[in-house]
Structure formats: structure tokens, C-alpha cells
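Structure first, then comments.
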Amino acid sequence: MGLYHFHLPDVGEGVAEAEIIVWHVKPGERISEDQNLVDVMTDKATVEMTSPVDGVVLAVHGEVGAMMPVGSVLVELEVEGAGNVAADAVAEKPAEAPEKAAKSIAPPLPKVEPSPAVTSAPAPAVAVPAASSSVSAGRARKVGEAPFAAPATRRRAHELGIPLQFVPGTGPGGRILPADLDAYVAAGGASGGAASVARERTGVTEERILGLRRKIAEKMQEAKRRIPHIAYVEEIDVTELEALRQDLNAHRREDAPKLTLLPFFIRALVQILPGFPQINARYDDDAGVLHRYEGVHVGIATQTPGGLMVPVVRHAEALDLYGCARELARVAAAARGGSAAREELSGSTITITSLGTLGGIVSTPVINHPEVAIIGPNKIMEKPVVQGSFLSVRKVMNLSSSFDHRIVDGYDAALFVQALKRVLEHPALLFMEKVA
Amino acid sequence: MSGTLTPKVLVVGGGPGGYVAAIRAGQLGLDTVLVEADRLGGTCLIRGCIPSKALIHAASLFAEVREAATEKGRFGIHLDTAPRLDFPETRGWKDGIVDQLSGGVAGLLRKAKVRVVHGWARFSDAKSCLVETAEGVVTVHAEHVILATGSRPVELPFLPFGDRVLSSTEALSLDAVPDRLVVVGAGYIGLELGTAFAKMGAKVSIVEAQPHILPLYDRTLTAPVTRWLEKAGVDVHLGAKALGMVDDGLRIATVDGDEIVLPADKVLVTVGRAPLTEGWGLEEMALAMDGRFVKVDDRCATSTTNVWAIGDLVGEPMLAHKASAQGEMVAEIIAGKSRRFDPVAIPAVCFTEPEIVSVGIDVADERHSVGQFPFQANGRALSMDAGHDGGFVRTIAEETTGRIVGIQAVGQHISELSGEFAVLIEMGATLDDVAAIIHAHPTLSEAAHESGLKALGHALHI
């Protein structure tokens with residue numbers, strides 16, 4: 001029997017620590033090789049940590065939400081053979097480790113400790129009467145008849161802000177049972193006949209901000225704290241662009257992806273960014289160094305079930321329109337599915353954020369630090385537009401944008417957006433070798 | 001102790017309301033100061049519930065022993081010489097109990113980290129008071145104030161307390177048993193003390209302005225008490241008015257309008273208690289009143305934010321256990337819990353002979369089913385010689401639901417059943433519940449079971 005320490009491995013370049021998201025094992029549990037031990041989150045990728053060995057879990061380190069440094073011991077395992085902890089290292093903490101081992105060896109075998117399945121079994125049994133005593137099942141209380149319930153039930157109802165006269169009682173004589181109150185609450189506090197009575201809701205739920213939400217919170221705060229944003233909004237006539245896009249979609253080859261507007265925006269950025277090298281960049285403000293990039297790596301703000309993520313279309317300058325669309329679809333799907341690698345979630349040099357039809361008319365996007373610019377197309381609207389002496393209906397879209405004023409002056413920001421407008425309004429420019 | 005204290009909670013009054021509020025506040029981690037001018041324990045502990053029950057117990061034992069010294073004896077027990085009562089010794093025993101309990105309260109407050117300031121509090125505004133202590137003046141500014149000043153015996157203008165005219169307080173600390181005692185007011189306090197002194201050998205008369213004793217209870221319940229008083233030779237003058245003291249005793253007007261003099265060495269006036277609303281600066285606090293009581297809502301909140309009032313100060317019933325429950329609740333509210341005072345019933349007990357308990361409603365109408373079971377049919381009552389004084393348990397339930405809404409009992413030792421009665425009513429028990437609960441045999445509690453069965457129409461032992 002040996003002691004095996006599972007350390008938090010280096011999960012990505014430059015990652016010094018990772019957050020514990022969920023534990024899959026607990027002390028005393030017997031596990032096998034490749035079994036999932038714990039999920040940790042680095043930057044924006046969640047990584048499953050699997051066990052390299054068979055063994056029995058002696059101890060786990062780090063609560064959910066804790067930041068664990070790379071190299072720290074996450075799991076202590078007892079394994080057949082020598083393990084990976086030298087005997088003298090074990091001896092360093094005399095008595096404690098063996099005692100721990102003795103404690104946890106006793107209960108590890110199945111059935112000694114009730115498994116989750118066993119412990120959860122009584123719960124449905126309790127819940128069934130509550131659920132079956134549906135809210136309408138109680139004896140109807142006559143007008144003027146006072147409800148009655150045990151003191152603890154009355155106290156709980158009061159704490160929940162529920163007047164008991166609206167809670168049907170299924171107990172003897174119409175007594176309101178704890179389960180009746182549960183059912184009433186589960187049904188959203190509605191009851192037959194008295195559903196129109198509004199009541200105050202006084203509950204407050206505490207939620208620890210963990211995982212992706214915490215990452216987003218930290219990133220946003222960092223961006224707003226460090227970067228003096230300037231916002232700029234311009235109107236763009238996308239009638240021709242839309243006509244082109246619809247034509248391409250109508251005549252697309254079977255293996256070609258359907259095009260949204262995003263690949264066109266990426267193309268537009270690729271076309272104009274060589275003229276604005278300070279905008280396709282990352283600003284290391286601690287070092288006071290601006291890294292200008294020749295390649296265009298476009299971050300795409302993407303809503304995932306867990307929250308906002310920014311997968312990256314790398315080297316967009318080397319992709320054609322369909323290549324952009326394919327890569328975009330791939331990284332966005334990976335982000336949504338939680339399978340995006342760290343490389344697919346970092347390294348962008350400029351970001352696009354679009355809510356599509358939810359895009360509103362104006363937004364003030366937050367720059368994806370340490371980048372220096374972000375563009376946010378708003379929704380397309382059909383609008384009457386004066387053209388010459390005619391009034392025509394045009395597809396018009398606002399383009400909101402934010403820039404890091406430390407690097408990008410308002411003048412340059414305006415030039416950049418005007419260039420973008422020119423390319424988008426004359427879609428042929430998207431495909432020219434070089435835009436003047 | 002002098003200087004300024006700025007606790008989170010200031011409790012004024014160390015009675016069963018105040019000290020319980022302070023303990024609970026302390027338990028909840030609130031910085032709490034309790035101000036009390038007298039010893040800890042309040043009326044209940046020092047000059048009410050506890051000393052009177054001690055006296056009643058001693059008096060009952062003396063009466064039983066005295067009975068054993070008669071020709072007839074008692075269950076074959078005969079004493080050749082009559083027992084002798086050394087009343088100062090009896091009083092000493094009673095005072096020992098009070099000392100023990102008062103010291104116990106001090107210990108409990110210490111354990112809850114409550115600071116006790118001994119002195120009379122006088123408020124200068126709703127959140128600040130000055131306390132004159134033996135060591136100097138202490139100023140207390142608190143975030144929350146709990147008023148628990150309690151009540152005092154009501155004095156009759158034509159029978160001022162002093163010399164021969166006693167309140168319950170003095171009656172509990174007499175040096176000797178008076179030969180002739182007249183009790184004015186046949187509420188539970190007057191009857192309890194009058195009964196005790198009668199058992200200790202005093203010639204007791206009772207004067208009551210209402211047409212019957214214990215006016216708050218129905219006559220079925222009080223009949224056994226009336227019968228005992230008759231048997232014990234206590235003169236009861238109902239519908240009579242006390243007029244004033246004369247040399248030989250108390251002059252009264254009887255129900256027929258005749259003026260007579262009841263010979264008396266002492267006259268005990270127990271015509272009720274009034275909330276203690278004077279002398280501590282209530283007038284500076286701008287609190288809304290409800291008649292003579294401080295007005296509170298169902299959280300015991302007064303009209304001023306974070307000023308709370310509990311116990312006798314806020315209304316009837318003036319009972320220690322009500323005050324304690326309110327005190328506990330207010331401490332929890334201050335600690336941030338959501339609470340309100342919503343008892344279904346507050347039990348009331350008279351330690352008369354025999355005892356009376358009433359919980360919940362006591363007047364049944366056509367919407368109720370009622371079951372009454374006599375202690376005469378209860379084995380335990382008979383075995384304690386408690387079955388022949390007309391005692392019974394009565395259960396009142398809603399006809400439609402079977403829910404028990406009131407239980408009353410009269411009989412020896414039945415004060416101890418008040419807990420079961422209260423639990424049944426508070427838990428919302430129905431007659432079927434009581435019927436299904438096995439009650440231990442042989443105990444008086446079987447009468448509670450049987451009265452429930454009776455209301456269902458199938459009592460077993462009658």
C-alpha cells in the first residue's frame with residue numbers, strides 16, 4: 001500500500017491557478033483509473049481531472065470555489081504498490097496520515113457508507129405525499145372559518161409571508177400540515193379561488209458567484225477599471241450587403257455553411273485593420289507595451305448556458321468568407337458545448353459582440369481586455385432613407401463600438417469606423433486584394 | 001458602575017418578560033443590558049406566582065396533617081397531638097425558594113452575557129435612560145428598547161394600602177397568620193391567598209362585587225371551588241361592596257343593601273393589577289396607548305420604531321408565561337427573525353382548592369361538541385382522594401372538523417395537565433387525535449382522553 005498525491009497539473013500556458021468547480025469523489029471512495037476526480041476552471045475553460053491510478057481517496061483538498069495553485073495536492077489516494085510519495089515524506093507527518101488512512105479505509109467498501117442512491121431514496125417517499133396532496137386537495141374552508149396549524153407550521157408560513165387562510169389543509173379536520181405548506185409553496189403560492197391575492201415575497205436567496213460567472217465578473221471589472229472607454233456609433237446601410245448575403249445563401253453549395261452577417265464583419269475587419277495597426281492589438285498596460293499583431297484573431301462574444309464566453313477565430317486573414325463561417329461555427333459550438341480548448345478561448349486581438357435581432361439600436365460594449373477595440377453591430381431595421389430626390393426603403397444598421405482611449409484617439413476611432421462603413425456598404429471591397 | 005452604556009438592546013424590568021427577553025437576546029449574540037431596581041425575577045418570582053405557590057403548598061400540607069389529628073383521621077392515619085405551624089419558619093422556607101430562583105435568574109443572565117444594571121430606570125427619550133445605581137448614575141443609550149415594567153396591585157381609594165390593608169405583596173410576607181382575614185376581590189389571587197390562609201387557620205371572609213367568584217370563569221368550573229370554600233367555613237359575600245375600614249374590621253354593603261362589619265385583623269385587597277406606566281419616564285417616550293396599556297402590534301412593537309413592550313404592560317392576560325413568550329419573540333425579531341405573537345390559546349391556571357385550568361374557548365355553542373369527564377370516574381383521582389370534590393375535564397371541539405378549541409378542568413393537581421391541553425390546542429389536534437393517543441394509566445390525564453372520547457360520544461368509563 002502506498003500513498004499517491006494527485007497534483008493540479010499545468011493546465012495551460014501561463015495558468016498559475018485553477019478554480020475548483022465540482023468534486024466527483026469524496027474521501028473513502030474507491031476509484032479506478034481515468035475516473036473523473038474533479039472539474040477545475042482555468043481562464044475560461046473547464047477541465048476534467050481524471051485519476052491516473054486506481055485507489056482509495058484518503059482526502060480531497062480545496063472547497064468548491066477555491067483557487068488552487070498549479071502543483072498543489074488536490075487528492076490524496078491510497079494505491080497498491082509504492083505510490084508517488086516517498087516513504088520519508090510520509091514519515092514527515094507521523095501518525096496523522098496513517099490515522100487518516102485508517103479512518104477512511106474502514107468505510108470505503110460499498111454499502112458500509114450509504115451510497116447517494118440509498119440516501120436519496122427516502123426523499124421521494126417524503127415528497128410523494130406532498131406532491132400528491134395537490135394544492136386543491138384540501139377540504140374547502142368555509143367563510144369565516146379560521147385555518148389551523150401547529151405552531152411550527154404557522155411560524156414557517158409567517159416567515160414565508162404566506163397567510164394561512166389561503167393554504168388548503170389536508171390534515172384531520174382540515175389542519176394545515178407542513179406538507180400542505182410545502183405543496184402551496186411548490187405551486188407558486190397559488191390556490192384555487194384565492195389566486196388573485198397578491199402577497200409580499202420576502203425570501204432572499206444567497207448565491208455564491210462561482211466559476212464562469214466569477215470569471216466574467218472579474219474580467220468585466222478589470223476591463224472597466226483599467227480601460228478608459230470611448231464609445232462611437234455610426235449608421236451603416238447594409239442593403240447591398242444583405243442582398244449579397246441572401247443571394248449567397250440562396251445559391252450556396254451543399255457543403256457550404258449558411259452565412260450570417262458575422263463572417264462579413266470578420267472579412268471587413270481583415271480588409272481594413274492593416275490600415276489601423278494600433279487597433280488590432282493587445283495593450284500590456286502593466287508593462288506599458290502595445291503588442292500590434294499582423295494576424296487578425298477575432299474574438300466572438302458568445303452566449304453559452306453558463307454565461308458569456310469569447311471563442312476566437314484565429315488568423316482570419318488566412319480564411320475566406322466560408323472559412324470564416326466554418327471556423328466561427330466550430331469555435332462557437334465548442335464554447336457552447338463546454339469543450340472549447342484554452343487556445344480557442346484566448347489570444348484574440350479584436351472582438352465582435354452581436355446580439356443579432358436582439359441587438360437594439362445602440363450599445364456600449366465593454367472591451368475584451370487587453371484588447372483595445374470592440375465592435376457591436378446592432379439590429380438591422382428597414383428605414384426610409386433620402387437618396388438624391390427620392391425616398392427609399394433601405395436596410396440600415398447601427399454599429400456601436402468602444403475603444404481604449406489610452407491607445408486609440410477619437411479621431412482614429414472615427415476613421416476606423418468610417419473605413420468599416422465604406423467596406424460594408426460596398427461589399428465588393430470585402431473581396432478586393434487591397435482596400436486603399 | 002457609572003458612565004454610559006450603549007448596548008444593542010436595553011431591557012427594562014427583570015421579571016419573567018424582561019429577563020427571558022434578555023436571555024434570548026444574549027443567546028442570539030445581541031449586546032444586552034437589563035435594568036432592574038429590585039431583585040431579579042419580577043412580581044412572578046418575588047411576590048407572585050412562586051411565593052404564593054410555596055405558601056399554598058405548605059398550607060395544604062398543614063391542613064391535611066391537621067385533619068389526621070382529628071378523631072376521624074385520614075386513611076387510617078391518626079395524630080395524637082395537633083400539628084403546630086411556625087409561620088416564620090414557613091416564610092423562611094418560602095423565601096429560600098425565592099432566593100434560589102432569583103439567584104438562578106442572575107446566573108442565567110450572566111451565562112447569556114447580559115449586563116445587569118441595578119437601579120431605577122428613567123427615560124429621557126425613547127432610546128435613552130438614566131439609572132440611579134448604588135455606585136452612581138448610569139446612562140444607557142440603546143438601539144432597541146424592550147419595556148417590561150410589569151404591573152402593580154390596584155389600590156382602592158377608600159381602602160389605601162398600609163397597616164391593616166394589604167396588597168398581595170404584603171400578604172406574602174406577613175409575620176404571622178392573621179386570626180381574621182377579609183379578602184376583597186374573589187379573583188384568582190384573592191382566592192388563592194384566602195384559601196391558603198384559611199388552611200393555615202385564619203378565619204377568612206371574601207367580599208366580591210360580582211355575583212359569583214372567579215368572574216372570568218363559568219360557574220360549572222367554579223362550583224367545586226365554591227363548595228370547598230363552604231366546607232372550609234369561608235364566608236363568601238357575593239354582590240357585596242367594601243365600604244371602608246372601621247375599628248373592628250371592614251364595613252361592607254351586602255347584596256341586600258345591609259351594611260355590616262366583617263371583623264378583620266387584616267384586609268387583603270385583590271381587585272386586579274394595573275400596568276406600571278408611571279414613574280419611569282413613559283411620558284417622555286411619546287408612545288401610543290391602548291387604554292391604560294401601552295399599545296403594541298402583534299410583534300409587540302410600540303408606536304415608536306425599535307421600542308418594544310411586553311407582558312403586563314401591554315394588556316391582558318397578565319400572566320408570566322405570556323410575558324415570557326413575548327419577550328422571547330421580541331428578542332428574535334430584534335435579531336432579524338420574522339416572528340409574530342399568534343398563540344391559539346394562552347393557558348390560565350388558578351391554584352385554588354381545587355385547581356382550575358382553562359385553555360382556549362370556554363363557552364360552547366351549537367357549533368361545538370362538548371365532552372365532560374368527572375374525576376369521580378378516574379382511578380388515579382380516587383386513589384389521591386381527589387375524586388369527590390366535583391372535579392372534571394371538559395373538552396370543546398368544533399362540530400364540523402373535530403378540532404379541539406378549548407379544554408377546561410377543575411380538580412386537585414390538574415394544573416399539571418395544562419401542558420397537554422395547550423399542546424392539543426396549539427397543534428390543532430382533533431378529537432380523533434386525542435382518542436388515538438394512549439394516555440398512561442393510572443393518571444389524571446386519562447380524564448383528558450376520556451373527555452375527548454365523550455365529545456365523540458363513546459367515553460369508556462362513564
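Chain labels run A, B, ... following the order of the C-alpha cells; each chain numbers its residues from 1, and ligands are numbered from 1 in the order shown.
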
I need the helix (DSSP H, G or I) residues of region 287-430 of chain B per DSSP on the backbone, written as a PyMOL selection string. chain B and resi 311-314+320-334+375-377+379-383+414-426

For the selection you just gave me, I'd like the residues written to a file as a compact mmCIF listing (two decimals), in the first residue's frame, keeping N, CA and C atoms.
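So result_14.txt came out as:
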# COMPACT_ATOMS: atom_id res chain seq x y z
N GLY B 311 -45.60 41.84 28.05
CA GLY B 311 -46.08 41.42 29.36
C GLY B 311 -47.28 42.20 29.86
N ASP B 312 -47.33 42.38 31.19
CA ASP B 312 -48.47 43.05 31.82
C ASP B 312 -48.66 44.47 31.30
N LEU B 313 -47.56 45.07 30.83
CA LEU B 313 -47.61 46.46 30.37
C LEU B 313 -48.48 46.62 29.13
N VAL B 314 -48.67 45.54 28.37
CA VAL B 314 -49.36 45.68 27.08
C VAL B 314 -50.75 45.07 27.06
N ALA B 320 -47.39 35.48 33.58
CA ALA B 320 -45.94 35.38 33.41
C ALA B 320 -45.57 34.70 32.10
N HIS B 321 -46.27 33.58 31.79
CA HIS B 321 -45.87 32.83 30.60
C HIS B 321 -46.18 33.57 29.32
N LYS B 322 -47.19 34.44 29.34
CA LYS B 322 -47.43 35.27 28.17
C LYS B 322 -46.28 36.26 27.99
N ALA B 323 -45.87 36.88 29.11
CA ALA B 323 -44.77 37.85 29.06
C ALA B 323 -43.50 37.19 28.55
N SER B 324 -43.22 35.98 29.04
CA SER B 324 -42.00 35.29 28.61
C SER B 324 -42.03 35.01 27.12
N ALA B 325 -43.17 34.53 26.64
CA ALA B 325 -43.29 34.21 25.21
C ALA B 325 -43.09 35.47 24.37
N GLN B 326 -43.65 36.58 24.84
CA GLN B 326 -43.48 37.83 24.09
C GLN B 326 -42.03 38.30 24.13
N GLY B 327 -41.40 38.13 25.29
CA GLY B 327 -40.01 38.55 25.43
C GLY B 327 -39.09 37.78 24.49
N GLU B 328 -39.31 36.48 24.47
CA GLU B 328 -38.51 35.62 23.60
C GLU B 328 -38.70 36.04 22.14
N MET B 329 -39.96 36.29 21.80
CA MET B 329 -40.27 36.66 20.42
C MET B 329 -39.59 37.98 20.03
N VAL B 330 -39.70 38.99 20.91
CA VAL B 330 -39.13 40.30 20.57
C VAL B 330 -37.62 40.20 20.38
N ALA B 331 -36.96 39.42 21.25
CA ALA B 331 -35.51 39.26 21.10
C ALA B 331 -35.20 38.67 19.73
N GLU B 332 -36.00 37.72 19.29
CA GLU B 332 -35.75 37.09 17.99
C GLU B 332 -36.02 38.06 16.85
N ILE B 333 -37.04 38.88 17.02
CA ILE B 333 -37.32 39.89 15.98
C ILE B 333 -36.14 40.85 15.86
N ILE B 334 -35.64 41.30 17.03
CA ILE B 334 -34.51 42.23 17.00
C ILE B 334 -33.30 41.57 16.33
N PHE B 375 -63.66 13.46 37.51
CA PHE B 375 -62.57 12.76 38.19
C PHE B 375 -63.09 11.65 39.10
N GLN B 376 -64.37 11.72 39.39
CA GLN B 376 -65.00 10.67 40.19
C GLN B 376 -64.84 9.30 39.52
N ALA B 377 -64.71 9.32 38.17
CA ALA B 377 -64.58 8.06 37.43
C ALA B 377 -63.13 7.80 37.04
N GLY B 379 -59.52 6.54 38.25
CA GLY B 379 -58.89 5.75 39.32
C GLY B 379 -57.81 6.51 40.07
N ARG B 380 -56.98 7.21 39.35
CA ARG B 380 -55.89 7.93 40.00
C ARG B 380 -56.42 9.02 40.91
N ALA B 381 -57.46 9.74 40.45
CA ALA B 381 -58.05 10.79 41.28
C ALA B 381 -58.56 10.20 42.59
N LEU B 382 -59.26 9.08 42.49
CA LEU B 382 -59.80 8.46 43.70
C LEU B 382 -58.67 8.03 44.62
N SER B 383 -57.61 7.50 44.04
CA SER B 383 -56.51 7.00 44.86
C SER B 383 -55.74 8.12 45.53
N ILE B 414 -54.61 19.38 38.92
CA ILE B 414 -54.78 19.39 37.45
C ILE B 414 -53.99 20.52 36.78
N SER B 415 -53.35 21.40 37.56
CA SER B 415 -52.52 22.43 36.90
C SER B 415 -51.48 21.77 36.00
N GLU B 416 -51.03 20.58 36.40
CA GLU B 416 -50.00 19.90 35.61
C GLU B 416 -50.54 19.37 34.28
N LEU B 417 -51.85 19.33 34.13
CA LEU B 417 -52.42 18.90 32.83
C LEU B 417 -52.46 20.04 31.82
N SER B 418 -52.20 21.28 32.29
CA SER B 418 -52.34 22.43 31.39
C SER B 418 -51.44 22.29 30.16
N GLY B 419 -50.31 21.63 30.35
CA GLY B 419 -49.40 21.45 29.22
C GLY B 419 -50.02 20.62 28.12
N GLU B 420 -50.63 19.51 28.50
CA GLU B 420 -51.28 18.67 27.47
C GLU B 420 -52.39 19.44 26.76
N PHE B 421 -53.16 20.18 27.56
CA PHE B 421 -54.27 20.92 26.95
C PHE B 421 -53.73 21.92 25.92
N ALA B 422 -52.69 22.63 26.30
CA ALA B 422 -52.13 23.65 25.40
C ALA B 422 -51.55 23.01 24.14
N VAL B 423 -50.87 21.89 24.34
CA VAL B 423 -50.27 21.21 23.17
C VAL B 423 -51.37 20.78 22.20
N LEU B 424 -52.42 20.16 22.75
CA LEU B 424 -53.51 19.69 21.87
C LEU B 424 -54.08 20.84 21.05
N ILE B 425 -54.30 21.96 21.71
CA ILE B 425 -54.94 23.08 21.01
C ILE B 425 -53.97 23.74 20.03
N GLU B 426 -52.75 23.97 20.48
CA GLU B 426 -51.78 24.63 19.59
C GLU B 426 -51.44 23.78 18.37

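Using only C-alpha atoms, we find that the part of chain A lying within 9 Å of chain B comprises Phe148, Ala149, Ala150, Pro151, Ala152, Arg154, Arg155, His158, Glu159, Leu160, Pro172, Gly173, Gly174, Arg175 and Ile176 of chain A.
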
List the neighbours of Val53 (chain A) out to 7 Å using only C-alpha atoms; skip same-chain residues closer than 2 positions along the sequence, and give me the result as a count of residues only. 4

Using only C-alpha atoms, which protein or nucleic acid residues come within 12 Å of Ala447 (chain B)? Drop anything in the same chain fewer than 5 positions from it, and give the result as JSON, numbers by chain. {"B": [371, 372, 373, 374, 375, 376, 377, 378, 379, 380, 381, 387, 391, 392, 393, 394, 395, 407, 408, 409, 410, 411, 414, 417, 420, 421, 434, 435, 438, 439, 440, 441, 442, 452, 453, 454, 459, 460, 461, 462]}

Store the residues picked out above in a file with C-alpha atoms, as a PDB file, in the first residue's frame.
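The resulting file, part31.pdb, is shown below:
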ATOM      1  CA  GLY B 371     -67.308  16.187  26.360  1.00  0.00           C
ATOM      2  CA  GLN B 372     -67.018  16.360  30.116  1.00  0.00           C
ATOM      3  CA  PHE B 373     -65.463  13.620  32.203  1.00  0.00           C
ATOM      4  CA  PRO B 374     -65.554  13.594  36.039  1.00  0.00           C
ATOM      5  CA  PHE B 375     -62.566  12.758  38.189  1.00  0.00           C
ATOM      6  CA  GLN B 376     -65.004  10.670  40.188  1.00  0.00           C
ATOM      7  CA  ALA B 377     -64.579   8.061  37.434  1.00  0.00           C
ATOM      8  CA  ASN B 378     -60.808   8.335  37.335  1.00  0.00           C
ATOM      9  CA  GLY B 379     -58.890   5.753  39.320  1.00  0.00           C
ATOM     10  CA  ARG B 380     -55.892   7.929  39.995  1.00  0.00           C
ATOM     11  CA  ALA B 381     -58.046  10.790  41.281  1.00  0.00           C
ATOM     12  CA  GLY B 387     -62.270  12.295  43.162  1.00  0.00           C
ATOM     13  CA  GLY B 391     -63.637  17.939  39.512  1.00  0.00           C
ATOM     14  CA  PHE B 392     -63.758  17.173  35.789  1.00  0.00           C
ATOM     15  CA  VAL B 393     -62.122  17.746  32.417  1.00  0.00           C
ATOM     16  CA  ARG B 394     -64.155  19.352  29.676  1.00  0.00           C
ATOM     17  CA  THR B 395     -63.163  19.336  26.024  1.00  0.00           C
ATOM     18  CA  ILE B 407     -60.168  22.469  27.320  1.00  0.00           C
ATOM     19  CA  GLN B 408     -61.003  23.287  30.911  1.00  0.00           C
ATOM     20  CA  ALA B 409     -60.522  21.310  34.040  1.00  0.00           C
ATOM     21  CA  VAL B 410     -61.151  21.687  37.721  1.00  0.00           C
ATOM     22  CA  GLY B 411     -59.714  19.323  40.296  1.00  0.00           C
ATOM     23  CA  ILE B 414     -54.776  19.388  37.451  1.00  0.00           C
ATOM     24  CA  LEU B 417     -52.418  18.896  32.830  1.00  0.00           C
ATOM     25  CA  GLU B 420     -51.276  18.672  27.468  1.00  0.00           C
ATOM     26  CA  PHE B 421     -54.267  20.925  26.951  1.00  0.00           C
ATOM     27  CA  VAL B 434     -56.904  12.619  21.410  1.00  0.00           C
ATOM     28  CA  ALA B 435     -58.862   9.404  21.139  1.00  0.00           C
ATOM     29  CA  ILE B 438     -52.592   6.369  24.596  1.00  0.00           C
ATOM     30  CA  HIS B 439     -52.678   8.040  27.993  1.00  0.00           C
ATOM     31  CA  ALA B 440     -50.820   6.421  30.860  1.00  0.00           C
ATOM     32  CA  HIS B 441     -52.796   4.550  33.490  1.00  0.00           C
ATOM     33  CA  PRO B 442     -53.362   5.338  36.267  1.00  0.00           C
ATOM     34  CA  GLY B 452     -62.297  13.675  24.198  1.00  0.00           C
ATOM     35  CA  LEU B 453     -63.989  10.287  23.804  1.00  0.00           C
ATOM     36  CA  LYS B 454     -67.075  11.699  25.490  1.00  0.00           C
ATOM     37  CA  ALA B 459     -66.418   7.564  26.588  1.00  0.00           C
ATOM     38  CA  LEU B 460     -65.413   4.246  28.090  1.00  0.00           C
ATOM     39  CA  HIS B 461     -65.594   4.772  31.812  1.00  0.00           C
ATOM     40  CA  ILE B 462     -68.898   6.579  32.244  1.00  0.00           C
TER      41      ILE B 462
END

Measure the distance from CA of Leu34 (chain B) to CA of Ile50 (chain B) in Å and round it to one decimal. 21.7 Å

Set the distance at 12 Å and use only C-alpha atoms: which residues neighbour Tyr411 (chain A) once local chain neighbours fewer than 5 positions away are removed? I'd like the list as number ranges by chain. A: 230, 232, 276, 403, 405, 416-418

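With CA of Leu74 (chain A) on one side and CA of Ser339 (chain A) on the other, the separation reads 22.6 Å.
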
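CA of Gly104 (chain B) to CA of Ala58 (chain B) spans 22.6 Å [interatomic distance, one decimal].
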
Nearest to Lys224 (chain A), restricted to only C-alpha atoms and choosing among A:Ser389, A:Ser402, A:Thr153, A:Thr205, comes out as A:Ser402

Compile the contact shell of region 107-118 of chain B as a ChimeraX atom specification: residues with an atom at most 7 Å away, counting only C-alpha atoms, same-chain residues fewer than 5 positions apart removed. /B:22-23,26-27,32-37,133

Could you please write out, as number ranges by chain, every residue of region 23-251 of chain B that DSSP assigns to strand (DSSP E)? B: 32-36, 115-118, 120-125, 128-133, 136-141, 144-147, 151-153, 165-166, 180-184, 203-208, 235-238, 241-246, 249-251
